[in-house]
Amino acid sequence: MEQYRCSLNSQEAISHGADVLEVDVSESRHKKWSTSMKLTTQLNPQHYSRRFLLKSGATALFSFAIPPSNNAFPDQSLATANGSTDPYPIPWLDKNGSHNQPAGPNLEPSHIYHFKGRVARCSTFTGMGTDNRGNRIAFGAPTTDYGVMEGEYWAARTAQQGTFTHI
Amino acid sequence: MPERGLAISPNGSTFTLEMQNVPVVDQPRWPALDSVATPAKMTFKMVWKSTGDRVAYDDPHRQFRFTGFRASCQLEAQVEVPSIGFSWKSDPLEKSRADFAIMGEEANGRYYE
């Protein structure tokens, strides 16, 4: 009997978000470079001594010698830093590298922590189905559990609203 | 998941979870670490109905409290794994059953008081 483990593809939006962020950083970095070059050529126009030219030349050379990717403090647009709005996992399940457990008596129904709202769980399904070749294949096992959660959860330092399912 | 995927009856006694063409992975050898995951999609409908029997869990150590009801739960689903030309469709909803189901309200973590 085949078993199916299914997980929602929730990373797509996050990946797209990271792409957008990278573009923003890159653009602002370009702005910084153009600003830096402008300052180098305009500073102290009255001090055109050989020493100054040597110093400013060395400074300009030094700034070009550092690739933008090595900059420990890249110039970024101002943004909040409150953490992800993804929900927290249940701590003692997360400790074992798992984010869920089978539904059962006295076991926590929710899959997420810092949560209040409606929840429904079920496990140990029994059922039958048919594949595209006409074979009858059963589904369900003690670990075949499902759940849904709808309500408020705490993340990114504030209350969030969401609906989540585990299938 | 989209909020519209979950419908709750006015008196709260029936939850219906329904989604179409959800991107999932077919991973027959899970939880083996080298289990191959094949892209698949799943359409399903799941219905919880309260039996009226009250259930209450309260665990101060693990900081969660659940109050609700025992329930019946039934499922119908359809799965497709295009890359291997496999599909499977369950019998109608009424033909399935779950040995354990509950539904209600929970508070945990910072909301546990």
# chains A, B, ... in the order shown; residues from 1 in each chain; ligands from 1

call {"tool": "closest_atom_pairs", "arguments": {"of": "chain B", "to": "chain A", "cutoff": "6 Å", "atoms": "only C-alpha atoms", "output": "Markdown table"}}
result
| residue | atom | partner | partner_atom | distance |
| --- | --- | --- | --- | --- |
| B:Met1 | CA | A:Phe164 | CA | 5.6 |
| B:Glu3 | CA | A:Thr163 | CA | 5.9 |
| B:Val24 | CA | A:Cys6 | CA | 5.1 |
| B:Val25 | CA | A:Cys6 | CA | 5.4 |
| B:Asp26 | CA | A:Tyr4 | CA | 5.7 |
| B:Gln27 | CA | A:Arg5 | CA | 5.7 |
| B:Pro28 | CA | A:Gln3 | CA | 5.5 |
| B:Tyr57 | CA | A:Asn106 | CA | 5.6 |
| B:Ser87 | CA | A:Asn132 | CA | 5.4 |
| B:Trp88 | CA | A:Asp131 | CA | 4.0 |
| B:Lys89 | CA | A:Gly129 | CA | 5.3 |
| B:Ser90 | CA | A:Gly129 | CA | 3.7 |
| B:Asp91 | CA | A:Gly129 | CA | 5.1 |
| B:Ser96 | CA | A:Gly127 | CA | 4.5 |
| B:Arg97 | CA | A:Thr126 | CA | 5.5 |
| B:Ala98 | CA | A:Phe125 | CA | 4.2 |
| B:Asp99 | CA | A:Thr124 | CA | 5.4 |
| B:Phe100 | CA | A:Cys122 | CA | 5.4 |
| B:Ala101 | CA | A:Cys122 | CA | 4.0 |
| B:Ile102 | CA | A:Arg121 | CA | 5.5 |
| B:Met103 | CA | A:Ala120 | CA | 4.1 |
| B:Gly104 | CA | A:Val119 | CA | 5.6 |
| B:Glu105 | CA | A:Arg118 | CA | 4.4 |
| B:Glu106 | CA | A:Lys116 | CA | 5.4 |
| B:Ala107 | CA | A:Lys116 | CA | 4.1 |
| B:Asn108 | CA | A:His114 | CA | 5.4 |
| B:Gly109 | CA | A:His114 | CA | 4.2 |
| B:Arg110 | CA | A:His114 | CA | 5.2 |

call {"tool": "write_last_selection", "arguments": {"atoms": "C-alpha atoms", "output": "CSV table (one decimal), in the first residue's frame"}}
result
chain,number,residue,atom,x,y,z
B,1,MET,CA,-4.3,28.4,2.8
B,3,GLU,CA,-9.5,31.6,4.0
B,24,VAL,CA,2.0,18.7,-3.0
B,25,VAL,CA,4.8,16.1,-3.2
B,26,ASP,CA,4.4,12.4,-3.6
B,27,GLN,CA,6.9,10.9,-1.3
B,28,PRO,CA,6.1,7.2,-0.9
B,57,TYR,CA,-7.7,19.1,27.3
B,87,SER,CA,-3.8,9.3,-10.6
B,88,TRP,CA,-6.0,8.1,-7.9
B,89,LYS,CA,-9.5,9.0,-6.8
B,90,SER,CA,-11.2,8.0,-3.6
B,91,ASP,CA,-14.6,6.7,-3.2
B,96,SER,CA,-14.6,7.0,4.5
B,97,ARG,CA,-14.2,7.4,8.2
B,98,ALA,CA,-11.7,8.4,10.8
B,99,ASP,CA,-11.3,6.6,14.1
B,100,PHE,CA,-10.4,9.8,15.9
B,101,ALA,CA,-11.6,13.4,15.3
B,102,ILE,CA,-12.2,16.5,17.4
B,103,MET,CA,-13.2,20.0,16.7
B,104,GLY,CA,-13.3,23.1,18.9
B,105,GLU,CA,-11.3,26.0,20.1
B,106,GLU,CA,-7.7,26.1,21.5
B,107,ALA,CA,-5.4,28.6,23.1
B,108,ASN,CA,-1.7,27.9,23.6
B,109,GLY,CA,1.6,29.6,24.2
B,110,ARG,CA,1.2,33.3,25.0

call {"tool": "residues_around", "arguments": {"residues": "region 41-44 of chain B", "least_positions_apart": "6", "cutoff": "6 Å", "atoms": "only C-alpha atoms", "output": "short mmCIF file (atom, residue, chain, number, x, y, z; two decimals) with N, CA and C atoms, in the first residue's frame"}}
result
data_model
loop_
_atom_site.label_atom_id
_atom_site.label_comp_id
_atom_site.auth_asym_id
_atom_site.auth_seq_id
_atom_site.Cartn_x
_atom_site.Cartn_y
_atom_site.Cartn_z
N GLU B 18 -12.02 22.40 1.97
CA GLU B 18 -12.07 22.00 0.58
C GLU B 18 -11.06 22.81 -0.22
N MET B 19 -10.19 22.11 -0.96
CA MET B 19 -9.18 22.80 -1.78
C MET B 19 -9.00 22.06 -3.09
N GLN B 20 -8.67 22.81 -4.14
CA GLN B 20 -8.48 22.20 -5.46
C GLN B 20 -7.04 22.39 -5.94
N ASN B 21 -6.54 21.34 -6.55
CA ASN B 21 -5.22 21.37 -7.22
C ASN B 21 -4.13 21.97 -6.32
N VAL B 22 -4.04 21.47 -5.13
CA VAL B 22 -3.02 21.94 -4.20
C VAL B 22 -1.67 21.32 -4.60
N PRO B 23 -0.63 22.13 -4.79
CA PRO B 23 0.69 21.55 -5.10
C PRO B 23 1.22 20.79 -3.89
N VAL B 24 1.50 19.52 -4.07
CA VAL B 24 2.02 18.69 -2.98
C VAL B 24 3.18 17.86 -3.53
N GLU B 76 -12.93 12.88 0.93
CA GLU B 76 -12.80 12.41 -0.45
C GLU B 76 -11.68 13.21 -1.10
N ALA B 77 -10.91 12.53 -1.93
CA ALA B 77 -9.73 13.18 -2.48
C ALA B 77 -9.40 12.63 -3.86
N GLN B 78 -8.62 13.41 -4.58
CA GLN B 78 -8.12 13.00 -5.87
C GLN B 78 -6.67 13.46 -5.96
N VAL B 79 -5.79 12.54 -6.37
CA VAL B 79 -4.37 12.85 -6.43
C VAL B 79 -3.85 12.57 -7.84
N GLU B 80 -3.00 13.45 -8.33
CA GLU B 80 -2.37 13.23 -9.63
C GLU B 80 -0.88 13.42 -9.50
#

call {"tool": "select_by_dssp", "arguments": {"residues": "chain B", "states": "strand (DSSP E)", "output": "NGL selection string"}}
result
:B and (6-8 or 14-26 or 38-59 or 64-81 or 86-90 or 97-108)

call {"tool": "atom_distance", "arguments": {"atom1": "CA of Gly68 (chain B)", "atom2": "CA of Gly12 (chain B)"}}
result
10.1 Å

call {"tool": "select_by_dssp", "arguments": {"residues": "chain B", "states": "helix (DSSP H, G or I)", "output": "PDB file with C-alpha atoms, in the first residue's frame"}}
result
ATOM      1  CA  GLU B   3      -9.475  31.560   3.996  1.00  0.00           C
ATOM      2  CA  ARG B   4     -12.292  30.566   1.646  1.00  0.00           C
ATOM      3  CA  GLY B   5     -11.041  26.954   1.781  1.00  0.00           C
ATOM      4  CA  PRO B  82       1.792  13.769 -13.777  1.00  0.00           C
ATOM      5  CA  SER B  83       5.445  12.777 -14.168  1.00  0.00           C
ATOM      6  CA  ILE B  84       4.665   9.086 -13.677  1.00  0.00           C
ATOM      7  CA  LEU B  93     -17.007  11.090   1.013  1.00  0.00           C
ATOM      8  CA  GLU B  94     -19.592   8.897   2.755  1.00  0.00           C
ATOM      9  CA  LYS B  95     -17.455   5.779   2.249  1.00  0.00           C
ATOM     10  CA  GLY B 109       1.612  29.650  24.230  1.00  0.00           C
ATOM     11  CA  ARG B 110       1.174  33.333  25.036  1.00  0.00           C
ATOM     12  CA  TYR B 111      -2.624  32.951  24.755  1.00  0.00           C
TER      13      TYR B 111
END

call {"tool": "atom_distance", "arguments": {"atom1": "CA of Thr85 (chain A)", "atom2": "CA of Thr143 (chain A)"}}
result
28.7 Å

call {"tool": "atom_distance", "arguments": {"atom1": "CA of Thr80 (chain A)", "atom2": "CA of Ala156 (chain A)"}}
result
9.8 Å

call {"tool": "closest_residue", "arguments": {"among": "B:Pro60, B:Gly52, B:Pro92, B:Pro2", "to": "Leu75 (chain B)", "atoms": "only C-alpha atoms"}}
result
B:Pro92

call {"tool": "residues_around", "arguments": {"residues": "Ala56 (chain B)", "least_positions_apart": "2", "cutoff": "9 Å", "atoms": "only C-alpha atoms", "output": "NGL selection string"}}
result
(:A and (106)) or (:B and (54 or 58 or 65-69))

call {"tool": "closest_residue", "arguments": {"among": "B:Gln63, B:Ser35, B:Gln74, B:Ser9", "to": "Val47 (chain B)", "atoms": "only C-alpha atoms"}}
result
B:Gln74

call {"tool": "closest_residue", "arguments": {"among": "B:Thr51, B:Thr38, B:Ser72, B:Thr16", "to": "Gly85 (chain B)", "atoms": "only C-alpha atoms"}}
result
B:Thr38
